[in-house]
Amino acid sequence: MTLRRPHQDAVLPAADVAVIRQVLGACADLIGWAERHCGPQFAAAAATAAGAAGFSRAPGALAGQASLAIDYLDFAGPARSAR
């Protein structure tokens with residue numbers, strides 16, 4: 001995948017999208033598990049990471065962003081021909 005300009009859409013083969021979706025799902029699951037089991041230290045670190053990335057510092061923000069990225073992949077329109 002190569003983007004020529006910052007505003008261009010990325011066009012990925014279906015197999016690549018499937019792998020990215022799987023990784024994002026695993027990330028969301030792992031973050032959710034850690035939020036439930038790792039206590040306030042993880043919650044503080046996750047809030048700091050989310051804030052540094054420009055997301056909400058609310059609990060669950062990182063897992064929510066991973067889920068949102070999955071939605072973008074699932075509901076993306078078909079690639080348009082450049083011809």
# chains A, B, ... in the order shown; residues from 1 in each chain; ligands from 1
>>> residues_around(residues="Ile31 in chain A", least_positions_apart="4", cutoff="10 Å", atoms="only C-alpha atoms", output="list in words")
Gly25, Ala26, Cys27, Glu35, Arg36, His37, Cys38, Phe42, Ala43, Ala46, Gly60, Ala61, Leu62, Ala63, Gly64 and Ala66 of chain A
>>> write_last_selection(atoms="N, CA, C and O atoms", output="PDB file, in the first residue's frame")
ATOM      1  N   GLY A  25      -9.175  -6.696  16.473  1.00  0.00           N
ATOM      2  CA  GLY A  25     -10.065  -7.416  17.381  1.00  0.00           C
ATOM      3  C   GLY A  25      -9.313  -7.972  18.575  1.00  0.00           C
ATOM      4  O   GLY A  25      -9.782  -7.875  19.720  1.00  0.00           O
ATOM      5  N   ALA A  26      -8.142  -8.526  18.317  1.00  0.00           N
ATOM      6  CA  ALA A  26      -7.322  -9.053  19.413  1.00  0.00           C
ATOM      7  C   ALA A  26      -6.869  -7.924  20.341  1.00  0.00           C
ATOM      8  O   ALA A  26      -6.864  -8.090  21.571  1.00  0.00           O
ATOM      9  N   CYS A  27      -6.526  -6.779  19.774  1.00  0.00           N
ATOM     10  CA  CYS A  27      -6.129  -5.626  20.598  1.00  0.00           C
ATOM     11  C   CYS A  27      -7.285  -5.168  21.481  1.00  0.00           C
ATOM     12  O   CYS A  27      -7.095  -4.914  22.674  1.00  0.00           O
ATOM     13  N   GLU A  35      -8.237  -3.973  31.271  1.00  0.00           N
ATOM     14  CA  GLU A  35      -9.010  -3.003  32.045  1.00  0.00           C
ATOM     15  C   GLU A  35      -9.778  -3.678  33.181  1.00  0.00           C
ATOM     16  O   GLU A  35      -9.931  -3.117  34.254  1.00  0.00           O
ATOM     17  N   ARG A  36     -10.252  -4.898  32.934  1.00  0.00           N
ATOM     18  CA  ARG A  36     -11.012  -5.621  33.969  1.00  0.00           C
ATOM     19  C   ARG A  36     -10.115  -6.241  35.038  1.00  0.00           C
ATOM     20  O   ARG A  36     -10.535  -6.409  36.173  1.00  0.00           O
ATOM     21  N   HIS A  37      -8.898  -6.619  34.681  1.00  0.00           N
ATOM     22  CA  HIS A  37      -8.077  -7.416  35.596  1.00  0.00           C
ATOM     23  C   HIS A  37      -6.801  -6.755  36.116  1.00  0.00           C
ATOM     24  O   HIS A  37      -6.191  -7.292  37.038  1.00  0.00           O
ATOM     25  N   CYS A  38      -6.382  -5.651  35.566  1.00  0.00           N
ATOM     26  CA  CYS A  38      -5.074  -5.098  35.934  1.00  0.00           C
ATOM     27  C   CYS A  38      -5.137  -3.877  36.836  1.00  0.00           C
ATOM     28  O   CYS A  38      -4.108  -3.314  37.176  1.00  0.00           O
ATOM     29  N   PHE A  42      -3.138   0.084  35.291  1.00  0.00           N
ATOM     30  CA  PHE A  42      -3.383  -0.050  33.862  1.00  0.00           C
ATOM     31  C   PHE A  42      -4.353   1.033  33.392  1.00  0.00           C
ATOM     32  O   PHE A  42      -4.162   1.620  32.329  1.00  0.00           O
ATOM     33  N   ALA A  43      -5.386   1.292  34.164  1.00  0.00           N
ATOM     34  CA  ALA A  43      -6.366   2.313  33.785  1.00  0.00           C
ATOM     35  C   ALA A  43      -5.691   3.665  33.587  1.00  0.00           C
ATOM     36  O   ALA A  43      -5.979   4.389  32.629  1.00  0.00           O
ATOM     37  N   ALA A  46      -3.540   3.488  30.401  1.00  0.00           N
ATOM     38  CA  ALA A  46      -4.394   3.502  29.215  1.00  0.00           C
ATOM     39  C   ALA A  46      -4.949   4.909  28.978  1.00  0.00           C
ATOM     40  O   ALA A  46      -5.019   5.368  27.833  1.00  0.00           O
ATOM     41  N   GLY A  60     -11.982   2.690  28.707  1.00  0.00           N
ATOM     42  CA  GLY A  60     -12.459   2.003  27.512  1.00  0.00           C
ATOM     43  C   GLY A  60     -12.192   2.737  26.216  1.00  0.00           C
ATOM     44  O   GLY A  60     -12.547   2.251  25.144  1.00  0.00           O
ATOM     45  N   ALA A  61     -11.564   3.908  26.278  1.00  0.00           N
ATOM     46  CA  ALA A  61     -11.349   4.697  25.063  1.00  0.00           C
ATOM     47  C   ALA A  61     -10.455   3.970  24.059  1.00  0.00           C
ATOM     48  O   ALA A  61     -10.734   3.989  22.861  1.00  0.00           O
ATOM     49  N   LEU A  62      -9.395   3.323  24.539  1.00  0.00           N
ATOM     50  CA  LEU A  62      -8.503   2.632  23.600  1.00  0.00           C
ATOM     51  C   LEU A  62      -9.202   1.453  22.935  1.00  0.00           C
ATOM     52  O   LEU A  62      -9.117   1.279  21.716  1.00  0.00           O
ATOM     53  N   ALA A  63      -9.899   0.651  23.707  1.00  0.00           N
ATOM     54  CA  ALA A  63     -10.637  -0.469  23.138  1.00  0.00           C
ATOM     55  C   ALA A  63     -11.721   0.046  22.198  1.00  0.00           C
ATOM     56  O   ALA A  63     -11.975  -0.544  21.134  1.00  0.00           O
ATOM     57  N   GLY A  64     -12.324   1.157  22.545  1.00  0.00           N
ATOM     58  CA  GLY A  64     -13.348   1.754  21.685  1.00  0.00           C
ATOM     59  C   GLY A  64     -12.782   2.206  20.351  1.00  0.00           C
ATOM     60  O   GLY A  64     -13.426   2.049  19.310  1.00  0.00           O
ATOM     61  N   ALA A  66     -10.167   0.885  18.852  1.00  0.00           N
ATOM     62  CA  ALA A  66      -9.896  -0.329  18.074  1.00  0.00           C
ATOM     63  C   ALA A  66     -11.184  -0.855  17.450  1.00  0.00           C
ATOM     64  O   ALA A  66     -11.209  -1.240  16.279  1.00  0.00           O
TER      65      ALA A  66
END
>>> atom_distance(atom1="CA of Ala28 in chain A", atom2="CA of Ala14 in chain A")
20.9 Å
>>> atom_distance(atom1="CA of Gln65 in chain A", atom2="CA of Ala45 in chain A")
15.7 Å
>>> select_by_dssp(residues="chain A", states="helix (DSSP H, G or I)", output="ChimeraX atom specification")
/A:14-37,39-52,61-74
>>> atom_distance(atom1="CA of Ser67 in chain A", atom2="CA of Arg5 in chain A")
26.2 Å
>>> closest_residue(among="A:Leu30, A:Ala52, A:Ile70, A:Ala79", to="Ala18 in chain A", atoms="only C-alpha atoms")
A:Ile70
>>> residues_around(residues="Arg57 in chain A", least_positions_apart="5", cutoff="8 Å", atoms="only C-alpha atoms", output="PyMOL selection string")
chain A and resi 46-48+50-51
>>> decode(residues="range 15-28 of chain A", atoms="all heavy atoms", output="mmCIF file, in the first residue's frame")
data_model
loop_
_atom_site.group_PDB
_atom_site.id
_atom_site.type_symbol
_atom_site.label_atom_id
_atom_site.label_comp_id
_atom_site.auth_asym_id
_atom_site.auth_seq_id
_atom_site.Cartn_x
_atom_site.Cartn_y
_atom_site.Cartn_z
ATOM 1 N N ALA A 15 -7.406 -9.827 1.736
ATOM 2 C CA ALA A 15 -6.642 -10.643 2.689
ATOM 3 C C ALA A 15 -5.939 -9.758 3.723
ATOM 4 O O ALA A 15 -5.887 -10.101 4.908
ATOM 5 C CB ALA A 15 -5.624 -11.505 1.952
ATOM 6 N N ASP A 16 -5.419 -8.610 3.294
ATOM 7 C CA ASP A 16 -4.769 -7.688 4.224
ATOM 8 C C ASP A 16 -5.782 -7.085 5.194
ATOM 9 O O ASP A 16 -5.505 -6.945 6.387
ATOM 10 C CB ASP A 16 -4.054 -6.566 3.471
ATOM 11 C CG ASP A 16 -2.838 -7.034 2.709
ATOM 12 O OD1 ASP A 16 -2.440 -8.216 2.868
ATOM 13 O OD2 ASP A 16 -2.267 -6.236 1.938
ATOM 14 N N VAL A 17 -6.948 -6.739 4.679
ATOM 15 C CA VAL A 17 -7.996 -6.186 5.536
ATOM 16 C C VAL A 17 -8.395 -7.213 6.596
ATOM 17 O O VAL A 17 -8.583 -6.874 7.762
ATOM 18 C CB VAL A 17 -9.217 -5.742 4.699
ATOM 19 C CG1 VAL A 17 -10.380 -5.356 5.590
ATOM 20 C CG2 VAL A 17 -8.843 -4.585 3.792
ATOM 21 N N ALA A 18 -8.495 -8.470 6.202
ATOM 22 C CA ALA A 18 -8.873 -9.526 7.153
ATOM 23 C C ALA A 18 -7.845 -9.661 8.267
ATOM 24 O O ALA A 18 -8.204 -9.811 9.442
ATOM 25 C CB ALA A 18 -9.053 -10.856 6.424
ATOM 26 N N VAL A 19 -6.567 -9.579 7.935
ATOM 27 C CA VAL A 19 -5.511 -9.685 8.948
ATOM 28 C C VAL A 19 -5.547 -8.475 9.882
ATOM 29 O O VAL A 19 -5.460 -8.610 11.104
ATOM 30 C CB VAL A 19 -4.122 -9.836 8.287
ATOM 31 C CG1 VAL A 19 -3.007 -9.686 9.302
ATOM 32 C CG2 VAL A 19 -4.017 -11.167 7.575
ATOM 33 N N ILE A 20 -5.690 -7.286 9.311
ATOM 34 C CA ILE A 20 -5.743 -6.078 10.129
ATOM 35 C C ILE A 20 -6.947 -6.128 11.061
ATOM 36 O O ILE A 20 -6.861 -5.783 12.244
ATOM 37 C CB ILE A 20 -5.783 -4.819 9.230
ATOM 38 C CG1 ILE A 20 -4.452 -4.664 8.497
ATOM 39 C CG2 ILE A 20 -6.110 -3.568 10.048
ATOM 40 C CD1 ILE A 20 -4.465 -3.639 7.390
ATOM 41 N N ARG A 21 -8.080 -6.585 10.546
ATOM 42 C CA ARG A 21 -9.289 -6.698 11.359
ATOM 43 C C ARG A 21 -9.069 -7.672 12.516
ATOM 44 O O ARG A 21 -9.478 -7.425 13.646
ATOM 45 C CB ARG A 21 -10.457 -7.156 10.496
ATOM 46 C CG ARG A 21 -11.765 -7.090 11.226
ATOM 47 C CD ARG A 21 -12.890 -7.708 10.404
ATOM 48 N NE ARG A 21 -14.173 -7.456 11.005
ATOM 49 C CZ ARG A 21 -14.581 -7.979 12.164
ATOM 50 N NH1 ARG A 21 -13.795 -8.778 12.848
ATOM 51 N NH2 ARG A 21 -15.771 -7.695 12.648
ATOM 52 N N GLN A 22 -8.412 -8.789 12.229
ATOM 53 C CA GLN A 22 -8.141 -9.784 13.265
ATOM 54 C C GLN A 22 -7.233 -9.202 14.353
ATOM 55 O O GLN A 22 -7.471 -9.409 15.548
ATOM 56 C CB GLN A 22 -7.500 -11.018 12.635
ATOM 57 C CG GLN A 22 -7.297 -12.158 13.580
ATOM 58 C CD GLN A 22 -6.716 -13.381 12.883
ATOM 59 O OE1 GLN A 22 -6.215 -13.310 11.761
ATOM 60 N NE2 GLN A 22 -6.774 -14.516 13.550
ATOM 61 N N VAL A 23 -6.221 -8.473 13.957
ATOM 62 C CA VAL A 23 -5.298 -7.864 14.924
ATOM 63 C C VAL A 23 -6.013 -6.808 15.764
ATOM 64 O O VAL A 23 -5.840 -6.752 16.982
ATOM 65 C CB VAL A 23 -4.072 -7.266 14.198
ATOM 66 C CG1 VAL A 23 -3.236 -6.401 15.133
ATOM 67 C CG2 VAL A 23 -3.222 -8.372 13.597
ATOM 68 N N LEU A 24 -6.826 -5.973 15.120
ATOM 69 C CA LEU A 24 -7.575 -4.961 15.870
ATOM 70 C C LEU A 24 -8.532 -5.609 16.868
ATOM 71 O O LEU A 24 -8.681 -5.126 17.997
ATOM 72 C CB LEU A 24 -8.343 -4.050 14.915
ATOM 73 C CG LEU A 24 -7.506 -3.052 14.125
ATOM 74 C CD1 LEU A 24 -8.344 -2.429 13.018
ATOM 75 C CD2 LEU A 24 -6.941 -1.985 15.048
ATOM 76 N N GLY A 25 -9.175 -6.696 16.473
ATOM 77 C CA GLY A 25 -10.065 -7.416 17.381
ATOM 78 C C GLY A 25 -9.313 -7.972 18.575
ATOM 79 O O GLY A 25 -9.782 -7.875 19.720
ATOM 80 N N ALA A 26 -8.142 -8.526 18.317
ATOM 81 C CA ALA A 26 -7.322 -9.053 19.413
ATOM 82 C C ALA A 26 -6.869 -7.924 20.341
ATOM 83 O O ALA A 26 -6.864 -8.090 21.571
ATOM 84 C CB ALA A 26 -6.114 -9.798 18.850
ATOM 85 N N CYS A 27 -6.526 -6.779 19.774
ATOM 86 C CA CYS A 27 -6.129 -5.626 20.598
ATOM 87 C C CYS A 27 -7.285 -5.168 21.481
ATOM 88 O O CYS A 27 -7.095 -4.914 22.674
ATOM 89 C CB CYS A 27 -5.668 -4.471 19.713
ATOM 90 S SG CYS A 27 -4.076 -4.736 18.931
ATOM 91 N N ALA A 28 -8.467 -5.047 20.902
ATOM 92 C CA ALA A 28 -9.632 -4.618 21.680
ATOM 93 C C ALA A 28 -9.919 -5.615 22.804
ATOM 94 O O ALA A 28 -10.205 -5.213 23.938
ATOM 95 C CB ALA A 28 -10.854 -4.465 20.771
#
